[in-house]
Structure formats: structure tokens, C-alpha cells
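Take a look at the structure set out below.
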Amino acid sequence: MALVGWILSFMALFAALALRQDMPVGGSAMLSNLLILFALLSCPMIWREKPLGVSRGQRIMVALILVLCAPLILLPAA
């Protein structure tokens, strides 16, 4: 599970940095912030023990939910 956390954390961090560099879409700043939050939530080095009673698996699941909900942010407001 820690390896999955490291892989997801690096993917999210690099994607957020790439979005900050280009800013191709109108909602890319918010998406970049969510990806940085995702990278923080899934980083195993920061969350070695169980702070606040939240396990590593729960943090990774929340981070996956953030990524899967990202297309909702990019939808145009009606």
C-alpha cells in the first residue's frame, strides 16, 4: 500500500506542477490545488503513523475520490 501511495503522490505532484506551468484550461488553477492536496494526502512519508485516527488506506481513498471528481470542476458553470 505504501508503494501505491508513493506512485500516486508523485503522479499528482508532477501533474500539479505541469498544470501550474501551462495553465491550459480555465479551471486548471483549482485542479492544480486539488492535485497538490492529493499528493499530500497520499504521501506515505508524511503520514507514517495514524494522525487524527485516519489510516493510510482511508487517505488514499480520499485522494482517489478527489481525482475522480476533478472532471466536475472543469465543467462549465451554467
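Scheme for the C-alpha cells: letters A, B, ... for chains in order shown; per-chain residue numbers from 1; ligand numbers from 1 in order shown.
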Contact residues around range 27-41 of chain A with only C-alpha atoms at 9 Å, ignoring same-chain residues under 4 positions, as a short mmCIF file (atom, residue, chain, number, x, y, z; two decimals) with N, CA, C and O atoms, in the first residue's frame:
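Here's the written file selection_0.cif:
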```cif
data_model
loop_
_atom_site.label_atom_id
_atom_site.label_comp_id
_atom_site.auth_asym_id
_atom_site.auth_seq_id
_atom_site.Cartn_x
_atom_site.Cartn_y
_atom_site.Cartn_z
N GLY A 5 0.89 4.48 -2.56
CA GLY A 5 0.87 5.85 -2.07
C GLY A 5 1.98 6.70 -2.69
O GLY A 5 1.76 7.84 -3.07
N TRP A 6 3.18 6.12 -2.78
CA TRP A 6 4.30 6.86 -3.39
C TRP A 6 4.04 7.14 -4.87
O TRP A 6 4.28 8.24 -5.35
N LEU A 8 1.13 7.30 -6.50
CA LEU A 8 0.06 8.29 -6.64
C LEU A 8 0.52 9.68 -6.24
O LEU A 8 0.15 10.68 -6.86
N SER A 9 1.33 9.73 -5.20
CA SER A 9 1.80 11.03 -4.73
C SER A 9 2.69 11.72 -5.77
O SER A 9 2.51 12.91 -6.06
N PHE A 10 3.62 10.97 -6.36
CA PHE A 10 4.49 11.57 -7.37
C PHE A 10 3.72 11.93 -8.64
O PHE A 10 3.98 12.97 -9.25
N MET A 11 2.79 11.07 -9.04
CA MET A 11 1.99 11.38 -10.23
C MET A 11 1.21 12.67 -10.02
O MET A 11 1.16 13.53 -10.90
N ALA A 12 0.58 12.81 -8.86
CA ALA A 12 -0.21 14.01 -8.59
C ALA A 12 0.66 15.25 -8.49
O ALA A 12 0.30 16.31 -8.99
N LEU A 13 1.81 15.11 -7.87
CA LEU A 13 2.71 16.26 -7.73
C LEU A 13 3.21 16.74 -9.08
O LEU A 13 3.19 17.94 -9.38
N PHE A 14 3.64 15.81 -9.93
CA PHE A 14 4.13 16.20 -11.25
C PHE A 14 3.02 16.75 -12.13
O PHE A 14 3.22 17.69 -12.91
N ALA A 15 1.82 16.19 -12.01
CA ALA A 15 0.69 16.72 -12.78
C ALA A 15 0.33 18.13 -12.32
O ALA A 15 0.03 19.01 -13.14
N ALA A 16 0.37 18.37 -11.01
CA ALA A 16 0.07 19.71 -10.49
C ALA A 16 1.11 20.72 -10.94
O ALA A 16 0.77 21.85 -11.32
N LEU A 17 2.38 20.31 -10.92
CA LEU A 17 3.43 21.22 -11.38
C LEU A 17 3.31 21.51 -12.87
O LEU A 17 3.54 22.65 -13.31
N ALA A 18 2.93 20.52 -13.65
CA ALA A 18 2.74 20.73 -15.09
C ALA A 18 1.56 21.67 -15.34
O ALA A 18 1.62 22.54 -16.22
N LEU A 19 0.49 21.51 -14.57
CA LEU A 19 -0.67 22.41 -14.72
C LEU A 19 -0.30 23.84 -14.32
O LEU A 19 -0.75 24.79 -14.94
N ARG A 20 0.49 23.98 -13.28
CA ARG A 20 0.91 25.33 -12.87
C ARG A 20 1.80 25.98 -13.92
O ARG A 20 1.79 27.20 -14.08
N ASP A 22 1.65 25.41 -17.33
CA ASP A 22 0.95 25.72 -18.58
C ASP A 22 -0.33 26.52 -18.39
O ASP A 22 -0.59 27.45 -19.13
N MET A 23 -1.17 26.14 -17.41
CA MET A 23 -2.49 26.73 -17.18
C MET A 23 -3.34 26.73 -18.47
O MET A 23 -3.79 27.77 -18.94
N ILE A 46 4.85 11.50 4.99
CA ILE A 46 4.24 12.48 5.91
C ILE A 46 3.33 11.78 6.92
O ILE A 46 3.26 12.18 8.07
N TRP A 47 2.65 10.73 6.47
CA TRP A 47 1.64 10.07 7.30
C TRP A 47 2.10 8.69 7.74
O TRP A 47 1.45 7.69 7.46
N ARG A 56 -3.86 4.99 6.48
CA ARG A 56 -3.27 5.24 5.17
C ARG A 56 -4.24 4.89 4.06
O ARG A 56 -4.37 5.60 3.07
N ARG A 59 -6.81 7.63 3.63
CA ARG A 59 -6.26 8.81 2.95
C ARG A 59 -6.12 8.58 1.46
O ARG A 59 -6.43 9.46 0.65
N ILE A 60 -5.68 7.38 1.06
CA ILE A 60 -5.53 7.10 -0.36
C ILE A 60 -6.89 7.07 -1.04
O ILE A 60 -7.05 7.56 -2.16
N VAL A 62 -9.55 8.80 -0.15
CA VAL A 62 -9.98 10.19 -0.28
C VAL A 62 -9.25 10.88 -1.43
O VAL A 62 -9.84 11.64 -2.20
N ALA A 63 -7.97 10.58 -1.57
CA ALA A 63 -7.21 11.16 -2.67
C ALA A 63 -7.72 10.67 -4.01
O ALA A 63 -7.82 11.45 -4.97
N LEU A 64 -8.07 9.41 -4.12
CA LEU A 64 -8.64 8.89 -5.37
C LEU A 64 -9.98 9.53 -5.67
O LEU A 64 -10.30 9.84 -6.83
N LEU A 66 -10.83 12.53 -4.83
CA LEU A 66 -10.52 13.88 -5.33
C LEU A 66 -10.18 13.87 -6.81
O LEU A 66 -10.63 14.72 -7.57
N VAL A 67 -9.40 12.89 -7.23
CA VAL A 67 -9.00 12.83 -8.64
C VAL A 67 -10.19 12.47 -9.52
O VAL A 67 -10.39 13.04 -10.59
N ALA A 70 -12.46 15.38 -10.19
CA ALA A 70 -11.85 16.52 -10.87
C ALA A 70 -12.58 16.95 -12.15
O ALA A 70 -12.66 18.14 -12.43
N ILE A 73 -15.09 19.72 -11.70
CA ILE A 73 -14.58 21.07 -11.53
C ILE A 73 -14.43 21.75 -12.90
O ILE A 73 -14.67 22.94 -13.04
N LEU A 74 -14.05 20.95 -13.89
CA LEU A 74 -13.78 21.52 -15.20
C LEU A 74 -15.03 21.73 -16.04
O LEU A 74 -14.96 22.32 -17.12
N LEU A 75 -16.19 21.28 -15.56
CA LEU A 75 -17.44 21.51 -16.28
C LEU A 75 -17.77 23.00 -16.25
O LEU A 75 -17.58 23.67 -15.23
#
```
Problem set entry | Point-to-point distance from CA of Cys43 in chain A to CA of Leu3 in chain A, Å rounded to tenths | 9.7 Å
For this session: Work out how far CA of Cys69 in chain A is from CA of Ala2 in chain A, in Å to one decimal.
Result: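 Atom-to-atom, CA of Ala2 in chain A and CA of Cys69 in chain A are spaced 23.0 Å apart.
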